[in-house]
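Q: Sharing query30.cif (mmCIF, C-alpha atoms (C1' of nucleotides)) below.
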data_start
#
loop_
_atom_site.label_atom_id
_atom_site.label_comp_id
_atom_site.auth_asym_id
_atom_site.auth_seq_id
_atom_site.Cartn_x
_atom_site.Cartn_y
_atom_site.Cartn_z
CA MET A 62 -108.12 88.47 -13.88
CA ALA A 63 -106.22 91.72 -13.60
CA ALA A 64 -102.97 90.94 -15.38
CA ARG A 65 -101.33 94.31 -15.47
CA ALA A 66 -98.69 95.16 -18.02
CA ALA A 67 -95.43 93.26 -17.96
CA PRO A 68 -92.30 95.10 -16.88
CA LYS A 69 -90.46 96.66 -19.79
CA PRO A 70 -87.26 98.60 -20.22
CA GLY A 71 -87.59 102.33 -19.92
CA ARG A 72 -90.26 102.20 -17.30
CA SER A 73 -90.14 102.09 -13.56
CA VAL A 74 -90.16 98.52 -12.33
CA ARG A 75 -90.04 96.79 -9.03
CA GLY A 76 -86.80 97.66 -7.36
CA SER A 77 -85.63 100.26 -9.82
CA LYS A 78 -86.95 103.55 -11.06
CA THR A 79 -84.12 104.22 -13.45
CA GLY A 80 -85.63 102.32 -16.37
CA ARG A 81 -82.42 100.41 -16.91
CA PRO A 82 -83.30 97.54 -19.24
CA VAL A 83 -81.67 94.82 -17.21
CA MET A 84 -83.73 95.77 -14.17
CA ALA A 85 -86.93 95.26 -16.10
CA ALA A 86 -85.62 91.88 -17.21
CA LEU A 87 -84.80 90.88 -13.65
CA ASP A 88 -88.29 91.88 -12.58
CA LEU A 89 -89.98 90.03 -15.43
CA LEU A 90 -87.96 86.87 -14.97
CA GLY A 91 -88.04 86.99 -11.20
CA ARG A 92 -91.63 85.87 -11.05
CA ARG A 93 -92.56 82.36 -10.28
CA TRP A 94 -92.54 80.16 -13.38
CA ALA A 95 -91.44 82.90 -15.75
CA LEU A 96 -87.96 81.47 -16.18
CA ARG A 97 -89.28 77.95 -16.43
CA ALA A 98 -91.87 78.81 -19.05
CA LEU A 99 -89.26 80.62 -21.10
CA TRP A 100 -86.89 77.71 -20.70
CA GLU A 101 -89.49 75.25 -21.93
CA LEU A 102 -90.51 77.40 -24.87
CA ALA A 103 -86.88 77.78 -25.85
CA ARG A 104 -86.79 74.03 -26.29
CA GLU A 105 -89.93 73.82 -28.33
CA SER A 106 -93.19 75.56 -29.13
CA ARG A 107 -96.19 74.05 -27.45
CA GLY A 108 -99.87 74.44 -26.75
CA PHE A 109 -101.16 75.68 -23.44
CA ARG A 110 -102.07 72.40 -21.85
CA GLU A 111 -98.94 70.63 -22.98
CA LEU A 112 -96.81 73.43 -21.69
CA GLN A 113 -98.62 73.28 -18.39
CA ALA A 114 -97.91 69.57 -18.07
CA ASP A 115 -94.26 70.04 -18.96
CA CYS A 116 -93.88 72.67 -16.28
CA GLY A 117 -94.83 70.15 -13.63
CA ASP A 118 -98.50 70.97 -13.57
CA ILE A 119 -98.18 74.63 -12.79
CA SER A 120 -101.48 76.29 -12.02
CA SER A 121 -103.28 77.24 -15.21
CA SER A 122 -104.10 80.70 -13.95
CA VAL A 123 -100.48 81.50 -13.25
CA LEU A 124 -99.31 80.03 -16.53
CA ARG A 125 -101.81 82.22 -18.31
CA ASP A 126 -100.47 85.29 -16.49
CA ARG A 127 -96.86 84.47 -17.31
CA LEU A 128 -97.63 83.81 -20.94
CA ARG A 129 -99.51 87.05 -21.18
CA GLU A 130 -96.51 88.86 -19.77
CA LEU A 131 -94.10 87.17 -22.13
CA VAL A 132 -96.30 88.04 -25.08
CA ASP A 133 -96.79 91.57 -23.83
CA ALA A 134 -93.04 91.96 -23.47
CA GLY A 135 -92.52 90.81 -27.02
CA LEU A 136 -90.76 87.60 -26.07
CA ALA A 137 -93.43 85.14 -27.10
CA GLU A 138 -96.34 84.92 -29.50
CA GLN A 139 -98.93 82.47 -30.71
CA ASP A 140 -98.49 80.83 -34.06
CA ALA A 141 -101.24 80.12 -36.55
CA ALA A 142 -102.19 76.94 -34.72
CA GLY A 143 -102.44 78.83 -31.44
CA ARG A 144 -99.29 77.29 -30.04
CA TYR A 145 -96.98 79.41 -27.97
CA ALA A 146 -93.56 80.12 -29.42
CA LEU A 147 -90.73 82.48 -28.68
CA THR A 148 -90.19 85.48 -30.92
CA ALA A 149 -86.75 86.21 -32.30
CA LEU A 150 -86.15 88.38 -29.25
CA GLY A 151 -87.33 85.66 -26.93
CA SER A 152 -85.07 83.13 -28.58
CA GLU A 153 -82.12 85.40 -28.06
CA LEU A 154 -82.96 85.63 -24.39
CA GLY A 155 -83.18 81.87 -24.30
CA ALA A 156 -79.76 81.70 -25.90
CA ALA A 157 -78.42 84.19 -23.37
CA LEU A 158 -79.65 81.98 -20.57
CA ALA A 159 -78.48 78.73 -22.11
CA PRO A 160 -75.25 78.65 -20.07
CA LEU A 161 -77.44 78.12 -17.03
CA ASP A 162 -77.70 74.44 -17.83
CA GLY A 163 -73.98 73.89 -17.81
CA TRP A 164 -73.59 75.92 -14.69
CA ALA A 165 -76.27 73.93 -12.89
CA GLN A 166 -74.43 70.70 -13.64
CA LYS A 167 -71.29 72.14 -12.18
CA TRP A 168 -73.30 73.23 -9.19
CA ALA A 169 -74.61 69.70 -8.73
CA ARG A 170 -71.08 68.33 -8.85
CA ALA A 171 -69.83 70.89 -6.37
CA LEU A 172 -72.54 70.10 -3.88
CA ARG A 173 -71.93 66.39 -4.12
CA ARG A 174 -68.32 66.72 -2.99
CA PRO A 175 -67.99 69.80 -0.88
CA MET B 138 -89.51 82.19 10.92
CA ALA B 139 -89.85 79.26 8.55
CA ALA B 140 -87.10 79.60 5.93
CA ARG B 141 -87.03 76.10 4.61
CA ALA B 142 -84.07 74.74 2.71
CA ALA B 143 -83.21 76.25 -0.65
CA PRO B 144 -83.78 74.18 -3.76
CA LYS B 145 -80.75 72.15 -4.75
CA PRO B 146 -79.87 69.85 -7.58
CA GLY B 147 -80.64 66.20 -7.00
CA ARG B 148 -83.73 66.89 -5.01
CA SER B 149 -87.34 67.33 -5.96
CA VAL B 150 -88.13 70.99 -6.50
CA ARG B 151 -91.14 72.97 -7.51
CA GLY B 152 -92.14 71.92 -10.98
CA SER B 153 -89.79 68.97 -11.30
CA LYS B 154 -89.25 65.76 -9.46
CA THR B 155 -86.41 64.56 -11.62
CA GLY B 156 -83.67 66.31 -9.69
CA ARG B 157 -82.25 67.80 -12.86
CA PRO B 158 -79.85 70.52 -11.75
CA VAL B 159 -81.16 73.23 -14.02
CA MET B 160 -84.65 72.80 -12.63
CA ALA B 161 -83.40 73.50 -9.13
CA ALA B 162 -81.66 76.59 -10.46
CA LEU B 163 -84.84 77.81 -12.14
CA ASP B 164 -86.73 77.31 -8.91
CA LEU B 165 -84.13 79.07 -6.80
CA LEU B 166 -83.78 82.02 -9.15
CA GLY B 167 -87.47 82.24 -9.89
CA ARG B 168 -88.26 83.76 -6.53
CA ARG B 169 -88.82 87.41 -6.11
CA TRP B 170 -85.55 89.31 -5.68
CA ALA B 171 -83.34 86.26 -5.97
CA LEU B 172 -82.00 87.23 -9.39
CA ARG B 173 -81.63 90.84 -8.37
CA ALA B 174 -79.74 90.04 -5.17
CA LEU B 175 -77.42 87.77 -7.08
CA TRP B 176 -76.95 90.41 -9.74
CA GLU B 177 -76.02 93.03 -7.17
CA LEU B 178 -73.64 90.74 -5.33
CA ALA B 179 -71.96 89.87 -8.59
CA ARG B 180 -71.07 93.52 -8.90
CA GLU B 181 -69.72 93.90 -5.42
CA SER B 182 -69.84 92.47 -1.92
CA ARG B 183 -71.93 94.44 0.50
CA GLY B 184 -73.42 94.51 3.97
CA PHE B 185 -77.05 93.74 4.57
CA ARG B 186 -78.38 97.22 4.83
CA GLU B 187 -76.43 98.55 1.91
CA LEU B 188 -77.56 95.67 -0.24
CA GLN B 189 -81.12 96.33 0.79
CA ALA B 190 -80.84 99.96 -0.31
CA ASP B 191 -79.27 99.00 -3.62
CA CYS B 192 -82.09 96.60 -4.35
CA GLY B 193 -84.56 99.45 -4.26
CA ASP B 194 -85.51 99.06 -0.61
CA ILE B 195 -86.62 95.48 -0.78
CA SER B 196 -88.26 94.28 2.40
CA SER B 197 -85.65 93.22 4.94
CA SER B 198 -87.47 90.01 5.74
CA VAL B 199 -87.48 88.90 2.13
CA LEU B 200 -83.88 89.90 1.60
CA ARG B 201 -82.95 87.84 4.60
CA ASP B 202 -84.78 84.84 3.18
CA ARG B 203 -83.15 85.17 -0.22
CA LEU B 204 -79.69 85.56 1.28
CA ARG B 205 -80.26 82.54 3.45
CA GLU B 206 -81.17 80.55 0.38
CA LEU B 207 -78.16 81.74 -1.59
CA VAL B 208 -75.89 80.84 1.29
CA ASP B 209 -77.61 77.53 1.81
CA ALA B 210 -77.21 76.76 -1.89
CA GLY B 211 -73.50 77.51 -1.69
CA LEU B 212 -73.67 80.57 -3.91
CA ALA B 213 -72.96 83.20 -1.29
CA GLU B 214 -71.23 83.51 2.03
CA GLN B 215 -70.31 86.12 4.61
CA ASP B 216 -66.77 87.37 4.78
CA ALA B 217 -64.85 88.15 7.95
CA ALA B 218 -66.48 91.57 8.19
CA GLY B 219 -69.93 90.03 7.88
CA ARG B 220 -70.46 91.34 4.36
CA TYR B 221 -72.21 89.17 1.84
CA ALA B 222 -70.17 87.96 -1.11
CA LEU B 223 -70.57 85.39 -3.82
CA THR B 224 -68.62 82.17 -3.58
CA ALA B 225 -66.64 80.93 -6.55
CA LEU B 226 -69.71 78.98 -7.61
CA GLY B 227 -71.91 82.02 -7.21
CA SER B 228 -69.55 84.11 -9.28
CA GLU B 229 -69.69 81.59 -12.06
CA LEU B 230 -73.44 81.82 -12.04
CA GLY B 231 -73.13 85.56 -12.17
CA ALA B 232 -70.86 85.19 -15.15
CA ALA B 233 -73.30 82.81 -16.81
CA LEU B 234 -76.02 85.40 -16.42
CA ALA B 235 -73.93 88.33 -17.51
CA PRO B 236 -75.19 88.23 -21.13
CA LEU B 237 -78.55 89.28 -19.74
CA ASP B 238 -77.41 92.86 -19.63
CA GLY B 239 -76.57 93.00 -23.29
CA TRP B 240 -79.74 91.22 -24.20
CA ALA B 241 -81.84 93.67 -22.17
CA GLN B 242 -80.36 96.59 -24.09
CA LYS B 243 -81.28 94.94 -27.32
CA TRP B 244 -84.74 94.37 -25.95
CA ALA B 245 -85.04 98.03 -25.10
CA ARG B 246 -84.03 98.99 -28.62
CA ALA B 247 -86.46 96.53 -30.15
CA LEU B 248 -89.37 97.85 -28.13
CA ARG B 249 -88.60 101.43 -29.03
CA ARG B 250 -89.07 100.77 -32.73
CA PRO B 251 -91.50 97.92 -33.17
"C1'" DT C 269 -124.29 63.47 -32.19
"C1'" DT C 270 -121.52 62.05 -28.64
"C1'" DC C 271 -116.86 62.04 -26.80
"C1'" DG C 272 -112.34 63.57 -25.69
"C1'" DT C 273 -109.15 67.35 -25.86
"C1'" DT C 274 -107.79 72.06 -25.60
"C1'" DG C 275 -107.47 76.72 -24.04
"C1'" DC C 276 -108.62 79.02 -21.19
"C1'" DT C 277 -111.58 81.55 -16.77
"C1'" DT C 278 -113.27 81.74 -11.95
"C1'" DC C 279 -112.82 81.89 -7.28
"C1'" DG C 280 -111.85 80.49 -2.53
"C1'" DA C 281 -107.81 78.73 0.05
"C1'" DT C 282 -102.77 79.06 0.88
"C1'" DT C 283 -98.39 80.83 0.55
"C1'" DT C 284 -95.42 84.45 -0.21
"C1'" DC C 285 -94.21 89.07 0.13
"C1'" DC C 286 -94.34 93.64 2.05
"C1'" DG C 287 -93.21 97.20 5.35
"C1'" DA C 288 -93.09 99.41 9.50
"C1'" DA C 289 -91.45 98.70 13.97
"C1'" DG C 290 -88.30 97.17 17.23
"C1'" DC C 291 -83.96 95.49 19.31
"C1'" DA C 292 -79.27 93.89 20.59
"C1'" DA C 293 -74.57 94.66 19.28
"C1'" DC C 294 -71.02 97.47 17.68
"C1'" DG C 295 -68.36 101.34 17.04
"C1'" DG C 296 -67.06 106.21 17.56
"C1'" DC C 297 -66.65 110.20 20.45
"C1'" DC C 298 -66.47 112.82 24.42
"C1'" DG D 206 -68.19 105.38 31.29
"C1'" DG D 207 -72.27 107.26 28.80
"C1'" DC D 208 -74.48 108.77 24.61
"C1'" DC D 209 -75.47 108.44 19.60
"C1'" DG D 210 -75.79 106.71 15.06
"C1'" DT D 211 -75.40 102.59 12.21
"C1'" DT D 212 -75.94 97.79 11.23
"C1'" DG D 213 -77.95 93.30 10.97
"C1'" DC D 214 -81.22 91.41 11.63
"C1'" DT D 215 -86.40 89.59 13.76
"C1'" DT D 216 -91.41 90.05 14.35
"C1'" DC D 217 -95.91 90.26 12.86
"C1'" DG D 218 -100.23 91.94 10.77
"C1'" DG D 219 -101.95 93.03 6.28
"C1'" DA D 220 -101.64 92.91 1.10
"C1'" DA D 221 -100.61 90.58 -2.93
"C1'" DA D 222 -99.25 86.54 -5.60
"C1'" DT D 223 -99.93 81.81 -6.26
"C1'" DC D 224 -102.41 77.45 -6.11
"C1'" DG D 225 -105.73 74.12 -7.55
"C1'" DA D 226 -109.93 72.24 -8.38
"C1'" DA D 227 -113.84 73.14 -11.07
"C1'" DG D 228 -116.15 74.57 -15.01
"C1'" DC D 229 -117.07 75.95 -19.84
"C1'" DA D 230 -117.20 76.99 -24.87
"C1'" DA D 231 -115.03 75.50 -29.12
"C1'" DC D 232 -113.19 72.14 -32.00
"C1'" DG D 233 -112.17 67.74 -34.27
"C1'" DA D 234 -112.68 62.78 -34.56
"C1'" DA D 235 -115.65 58.99 -34.63
#
Would you mind writing the file out in structure tokens?
A:
Amino acid sequence: MAARAAPKPGRSVRGSKTGRPVMAALDLLGRRWALRALWELARESRGFRELQADCGDISSSVLRDRLRELVDAGLAEQDAAGRYALTALGSELGAALAPLDGWAQKWARALRRP
Amino acid sequence: MAARAAPKPGRSVRGSKTGRPVMAALDLLGRRWALRALWELARESRGFRELQADCGDISSSVLRDRLRELVDAGLAEQDAAGRYALTALGSELGAALAPLDGWAQKWARALRRP
DNA sequence: TTCGTTGCTTCGATTTCCGAAGCAACGGCC
DNA sequence: GGCCGTTGCTTCGGAAATCGAAGCAACGAA
């Protein structure tokens, strides 16, 4: 249970008391599965159980916590059918993180031939 | 103790057995303080204790683990003076994540007037 | 009405993280 | 040389986050 409020800009978060927005983002995203859930939702809206499966069978309790945080932070919401989807803000974050894919491929290449 | 190998592309990581590079990245960065440490190093190279202070007094044991992983993954290294610095690859990741700052400011604005 | 699926919740076991303490090595500085 | 402050860690016990299997009410299809 529990599920305290998600980190948000303007408030003191783990590792920073200044309230600087990016620090809140780093706290929010630096939790296990947060980035992955966001990444998956950026691809497509999905229901809880489907999302869980697509995240490699993440524990349902943790997925619930992460989703709650994303919703609380205004990055995700549930549509009429109950499916989870990113808000406009969430989509923009997804777009901001999109370069990660290209970088990771470069990373893979670099590690193959050091 | 412990400190197993960092997640890398091509290998099975938490939440994905396909070896897709971006999944390894999401695993690596989705650990507490990993994003923050990378973010700080992207700004400037620093020694262990200074980095610890700048990360809001993160526990030294965890910082050590995260740094080990970043080094192991080829994203960071120690210079002649022993200071931690990003490699070329690490810097590119930092650059790929740079838009996060701008996004976070937008997030802050959006939450102020909902 | 039975059956399968979904969206969760619970809770005990594990893993991760925290944080205070300690320590060897390296300067300065006298 | 001897003393002091700083640095880069390591150790380890306790707290917190995560896991994972189980269960359950609600819903739709048959």
Q: List the residues matched by the PyMOL selection byres ((chain D) within 10 of (chain B)) in the displayed structure as a list in words, ordered by chain and then by residue number.
A: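 Residues picked by the PyMOL selection byres ((chain D) within 10 of (chain B)): DT211, DT212, DG213, DC214, DT215 and DT216 of chain D.
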Q: My list of candidates is B:Ala174, B:Ala247, B:Ala241, B:Ala232. Which is closest to chain A when distances are computed with only C-alpha atoms?
A: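 The answer is B:Ala241, which sits nearest to chain A.
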Q: Smallest atom-to-atom distance to Arg141 of chain B: which of B:Ala162, B:Arg205, B:Leu188, B:Gly193, using all atoms listed in the file?
A: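 Of all the options, B:Arg205 lies closest to Arg141 of chain B.
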Q: Select, as a VMD selection string, those residues of chain C with any atom no more than 12 Å from chain A (distances computed using all atoms listed in the file).
A: chain C and resid 273 to 279 284 to 285
Q: Counting only C-alpha atoms (C1' of nucleotides), which residues sit no farther than 7 Å from the position (-81.1, 83.8, -21.2) in the file's frame? I'd like them as number ranges by chain.
A: A: 154-159; B: 237
Q: Pro70 of chain A: which residues within 12 Å, counting only C-alpha atoms (C1' of nucleotides), same-chain residues fewer than 2 positions away excluded, as a JSON list (two decimals) with C-alpha atoms, keeping the file's coordinate frame?
A:
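And here is the file that came out, result-v1.json:
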[["chain", "number", "residue", "atom", "x", "y", "z"],
["A", 67, "ALA", "CA", -95.43, 93.26, -17.96],
["A", 68, "PRO", "CA", -92.30, 95.10, -16.88],
["A", 72, "ARG", "CA", -90.26, 102.20, -17.30],
["A", 73, "SER", "CA", -90.14, 102.09, -13.56],
["A", 74, "VAL", "CA", -90.16, 98.52, -12.33],
["A", 75, "ARG", "CA", -90.04, 96.79, -9.03],
["A", 77, "SER", "CA", -85.63, 100.26, -9.82],
["A", 78, "LYS", "CA", -86.95, 103.55, -11.06],
["A", 79, "THR", "CA", -84.12, 104.22, -13.45],
["A", 80, "GLY", "CA", -85.63, 102.32, -16.37],
["A", 81, "ARG", "CA", -82.42, 100.41, -16.91],
["A", 82, "PRO", "CA", -83.30, 97.54, -19.24],
["A", 83, "VAL", "CA", -81.67, 94.82, -17.21],
["A", 84, "MET", "CA", -83.73, 95.77, -14.17],
["A", 85, "ALA", "CA", -86.93, 95.26, -16.10],
["A", 86, "ALA", "CA", -85.62, 91.88, -17.21],
["A", 87, "LEU", "CA", -84.80, 90.88, -13.65],
["A", 88, "ASP", "CA", -88.29, 91.88, -12.58],
["A", 89, "LEU", "CA", -89.98, 90.03, -15.43],
["A", 134, "ALA", "CA", -93.04, 91.96, -23.47],
["A", 135, "GLY", "CA", -92.52, 90.81, -27.02],
["B", 238, "ASP", "CA", -77.41, 92.86, -19.63],
["B", 240, "TRP", "CA", -79.74, 91.22, -24.20],
["B", 241, "ALA", "CA", -81.84, 93.67, -22.17],
["B", 242, "GLN", "CA", -80.36, 96.59, -24.09],
["B", 243, "LYS", "CA", -81.28, 94.94, -27.32],
["B", 244, "TRP", "CA", -84.74, 94.37, -25.95],
["B", 245, "ALA", "CA", -85.04, 98.03, -25.10],
["B", 246, "ARG", "CA", -84.03, 98.99, -28.62],
["B", 247, "ALA", "CA", -86.46, 96.53, -30.15],
["B", 248, "LEU", "CA", -89.37, 97.85, -28.13],
["B", 249, "ARG", "CA", -88.60, 101.43, -29.03]]
Q: Report, in Å with one decimal, the straight-line distance from atom CA of Leu96 of chain A to atom CA of Arg220 of chain B.
A: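 One can read the atom CA of Leu96 of chain A to atom CA of Arg220 of chain B distance as 28.7 Å.
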Q: May I have the residues at most 9 Å from (-70.3, 82.9, -0.8) in the file's coordinates, counting only C-alpha atoms (C1' of nucleotides), as a ChimeraX atom specification?
A: /B:207-208,211-216,221-228
Q: Using only C-alpha atoms for the distances, tell me which of B:Asp202, B:Pro236, B:Ser182, B:Ala218 is nearest to chain A.
A: B:Pro236
Q: If we count only C-alpha atoms (C1' of nucleotides), what is near DG287 of chain C at a cut-off of 12 Å, once residues fewer than 3 positions away on the same chain are taken out, given as a ChimeraX atom specification?
A: /B:194-199 /D:216-220
Q: Some atoms are absent from segment 131-161 of chain A, so rebuild N, CA and C atoms and return them as a PDB file, in the frame of the given file.
A:
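Dumped to rebuild.pdb:
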ATOM      1  N   LEU A 131     -95.123  87.426 -21.122  1.00  0.00           N
ATOM      2  CA  LEU A 131     -94.100  87.170 -22.130  1.00  0.00           C
ATOM      3  C   LEU A 131     -94.529  87.713 -23.487  1.00  0.00           C
ATOM      4  N   VAL A 132     -95.791  87.527 -23.814  1.00  0.00           N
ATOM      5  CA  VAL A 132     -96.300  88.040 -25.080  1.00  0.00           C
ATOM      6  C   VAL A 132     -96.278  89.566 -25.060  1.00  0.00           C
ATOM      7  N   ASP A 133     -96.748  90.115 -23.963  1.00  0.00           N
ATOM      8  CA  ASP A 133     -96.790  91.570 -23.830  1.00  0.00           C
ATOM      9  C   ASP A 133     -95.394  92.179 -23.942  1.00  0.00           C
ATOM     10  N   ALA A 134     -94.419  91.460 -23.451  1.00  0.00           N
ATOM     11  CA  ALA A 134     -93.040  91.960 -23.470  1.00  0.00           C
ATOM     12  C   ALA A 134     -92.373  91.712 -24.809  1.00  0.00           C
ATOM     13  N   GLY A 135     -93.083  91.049 -25.697  1.00  0.00           N
ATOM     14  CA  GLY A 135     -92.520  90.810 -27.020  1.00  0.00           C
ATOM     15  C   GLY A 135     -91.591  89.620 -27.086  1.00  0.00           C
ATOM     16  N   LEU A 136     -91.662  88.742 -26.084  1.00  0.00           N
ATOM     17  CA  LEU A 136     -90.760  87.600 -26.070  1.00  0.00           C
ATOM     18  C   LEU A 136     -91.408  86.339 -26.627  1.00  0.00           C
ATOM     19  N   ALA A 137     -92.728  86.311 -26.593  1.00  0.00           N
ATOM     20  CA  ALA A 137     -93.430  85.140 -27.100  1.00  0.00           C
ATOM     21  C   ALA A 137     -94.618  85.585 -27.935  1.00  0.00           C
ATOM     22  N   GLU A 138     -95.164  84.632 -28.665  1.00  0.00           N
ATOM     23  CA  GLU A 138     -96.340  84.920 -29.500  1.00  0.00           C
ATOM     24  C   GLU A 138     -97.037  83.604 -29.782  1.00  0.00           C
ATOM     25  N   GLN A 139     -98.227  83.686 -30.347  1.00  0.00           N
ATOM     26  CA  GLN A 139     -98.930  82.470 -30.710  1.00  0.00           C
ATOM     27  C   GLN A 139     -98.869  82.281 -32.206  1.00  0.00           C
ATOM     28  N   ASP A 140     -98.566  81.080 -32.629  1.00  0.00           N
ATOM     29  CA  ASP A 140     -98.490  80.830 -34.060  1.00  0.00           C
ATOM     30  C   ASP A 140     -99.897  80.582 -34.616  1.00  0.00           C
ATOM     31  N   ALA A 141     -99.947  80.290 -35.885  1.00  0.00           N
ATOM     32  CA  ALA A 141    -101.240  80.120 -36.550  1.00  0.00           C
ATOM     33  C   ALA A 141    -102.090  79.055 -35.860  1.00  0.00           C
ATOM     34  N   ALA A 142    -101.458  78.033 -35.352  1.00  0.00           N
ATOM     35  CA  ALA A 142    -102.190  76.940 -34.720  1.00  0.00           C
ATOM     36  C   ALA A 142    -102.536  77.256 -33.264  1.00  0.00           C
ATOM     37  N   GLY A 143    -102.148  78.454 -32.816  1.00  0.00           N
ATOM     38  CA  GLY A 143    -102.440  78.830 -31.440  1.00  0.00           C
ATOM     39  C   GLY A 143    -101.388  78.394 -30.446  1.00  0.00           C
ATOM     40  N   ARG A 144    -100.347  77.735 -30.937  1.00  0.00           N
ATOM     41  CA  ARG A 144     -99.290  77.290 -30.040  1.00  0.00           C
ATOM     42  C   ARG A 144     -98.396  78.449 -29.634  1.00  0.00           C
ATOM     43  N   TYR A 145     -97.870  78.360 -28.435  1.00  0.00           N
ATOM     44  CA  TYR A 145     -96.980  79.410 -27.970  1.00  0.00           C
ATOM     45  C   TYR A 145     -95.558  79.159 -28.450  1.00  0.00           C
ATOM     46  N   ALA A 146     -94.930  80.224 -28.918  1.00  0.00           N
ATOM     47  CA  ALA A 146     -93.560  80.120 -29.420  1.00  0.00           C
ATOM     48  C   ALA A 146     -92.814  81.389 -29.064  1.00  0.00           C
ATOM     49  N   LEU A 147     -91.518  81.288 -28.947  1.00  0.00           N
ATOM     50  CA  LEU A 147     -90.730  82.480 -28.680  1.00  0.00           C
ATOM     51  C   LEU A 147     -90.578  83.301 -29.947  1.00  0.00           C
ATOM     52  N   THR A 148     -90.512  84.609 -29.796  1.00  0.00           N
ATOM     53  CA  THR A 148     -90.190  85.480 -30.920  1.00  0.00           C
ATOM     54  C   THR A 148     -88.679  85.440 -31.108  1.00  0.00           C
ATOM     55  N   ALA A 149     -88.199  86.161 -32.087  1.00  0.00           N
ATOM     56  CA  ALA A 149     -86.750  86.210 -32.300  1.00  0.00           C
ATOM     57  C   ALA A 149     -86.073  86.741 -31.033  1.00  0.00           C
ATOM     58  N   LEU A 150     -86.678  87.778 -30.471  1.00  0.00           N
ATOM     59  CA  LEU A 150     -86.150  88.380 -29.250  1.00  0.00           C
ATOM     60  C   LEU A 150     -86.137  87.378 -28.093  1.00  0.00           C
ATOM     61  N   GLY A 151     -87.228  86.662 -27.976  1.00  0.00           N
ATOM     62  CA  GLY A 151     -87.330  85.660 -26.930  1.00  0.00           C
ATOM     63  C   GLY A 151     -86.294  84.560 -27.088  1.00  0.00           C
ATOM     64  N   SER A 152     -86.068  84.166 -28.321  1.00  0.00           N
ATOM     65  CA  SER A 152     -85.070  83.130 -28.580  1.00  0.00           C
ATOM     66  C   SER A 152     -83.678  83.597 -28.186  1.00  0.00           C
ATOM     67  N   GLU A 153     -83.436  84.876 -28.440  1.00  0.00           N
ATOM     68  CA  GLU A 153     -82.120  85.400 -28.060  1.00  0.00           C
ATOM     69  C   GLU A 153     -81.949  85.401 -26.549  1.00  0.00           C
ATOM     70  N   LEU A 154     -83.039  85.699 -25.849  1.00  0.00           N
ATOM     71  CA  LEU A 154     -82.960  85.630 -24.390  1.00  0.00           C
ATOM     72  C   LEU A 154     -82.708  84.187 -23.965  1.00  0.00           C
ATOM     73  N   GLY A 155     -83.398  83.271 -24.593  1.00  0.00           N
ATOM     74  CA  GLY A 155     -83.180  81.870 -24.300  1.00  0.00           C
ATOM     75  C   GLY A 155     -81.732  81.482 -24.519  1.00  0.00           C
ATOM     76  N   ALA A 156     -81.170  81.995 -25.608  1.00  0.00           N
ATOM     77  CA  ALA A 156     -79.760  81.700 -25.900  1.00  0.00           C
ATOM     78  C   ALA A 156     -78.859  82.315 -24.838  1.00  0.00           C
ATOM     79  N   ALA A 157     -79.230  83.518 -24.381  1.00  0.00           N
ATOM     80  CA  ALA A 157     -78.420  84.190 -23.370  1.00  0.00           C
ATOM     81  C   ALA A 157     -78.435  83.423 -22.057  1.00  0.00           C
ATOM     82  N   LEU A 158     -79.522  82.715 -21.825  1.00  0.00           N
ATOM     83  CA  LEU A 158     -79.650  81.980 -20.570  1.00  0.00           C
ATOM     84  C   LEU A 158     -79.185  80.534 -20.678  1.00  0.00           C
ATOM     85  N   ALA A 159     -78.868  80.126 -21.887  1.00  0.00           N
ATOM     86  CA  ALA A 159     -78.480  78.730 -22.110  1.00  0.00           C
ATOM     87  C   ALA A 159     -77.343  78.243 -21.208  1.00  0.00           C
ATOM     88  N   PRO A 160     -76.357  79.098 -20.921  1.00  0.00           N
ATOM     89  CA  PRO A 160     -75.250  78.650 -20.070  1.00  0.00           C
ATOM     90  C   PRO A 160     -75.703  78.176 -18.692  1.00  0.00           C
ATOM     91  N   LEU A 161     -76.917  78.526 -18.331  1.00  0.00           N
ATOM     92  CA  LEU A 161     -77.440  78.120 -17.030  1.00  0.00           C
ATOM     93  C   LEU A 161     -77.408  76.606 -16.846  1.00  0.00           C
TER      94      LEU A 161
END
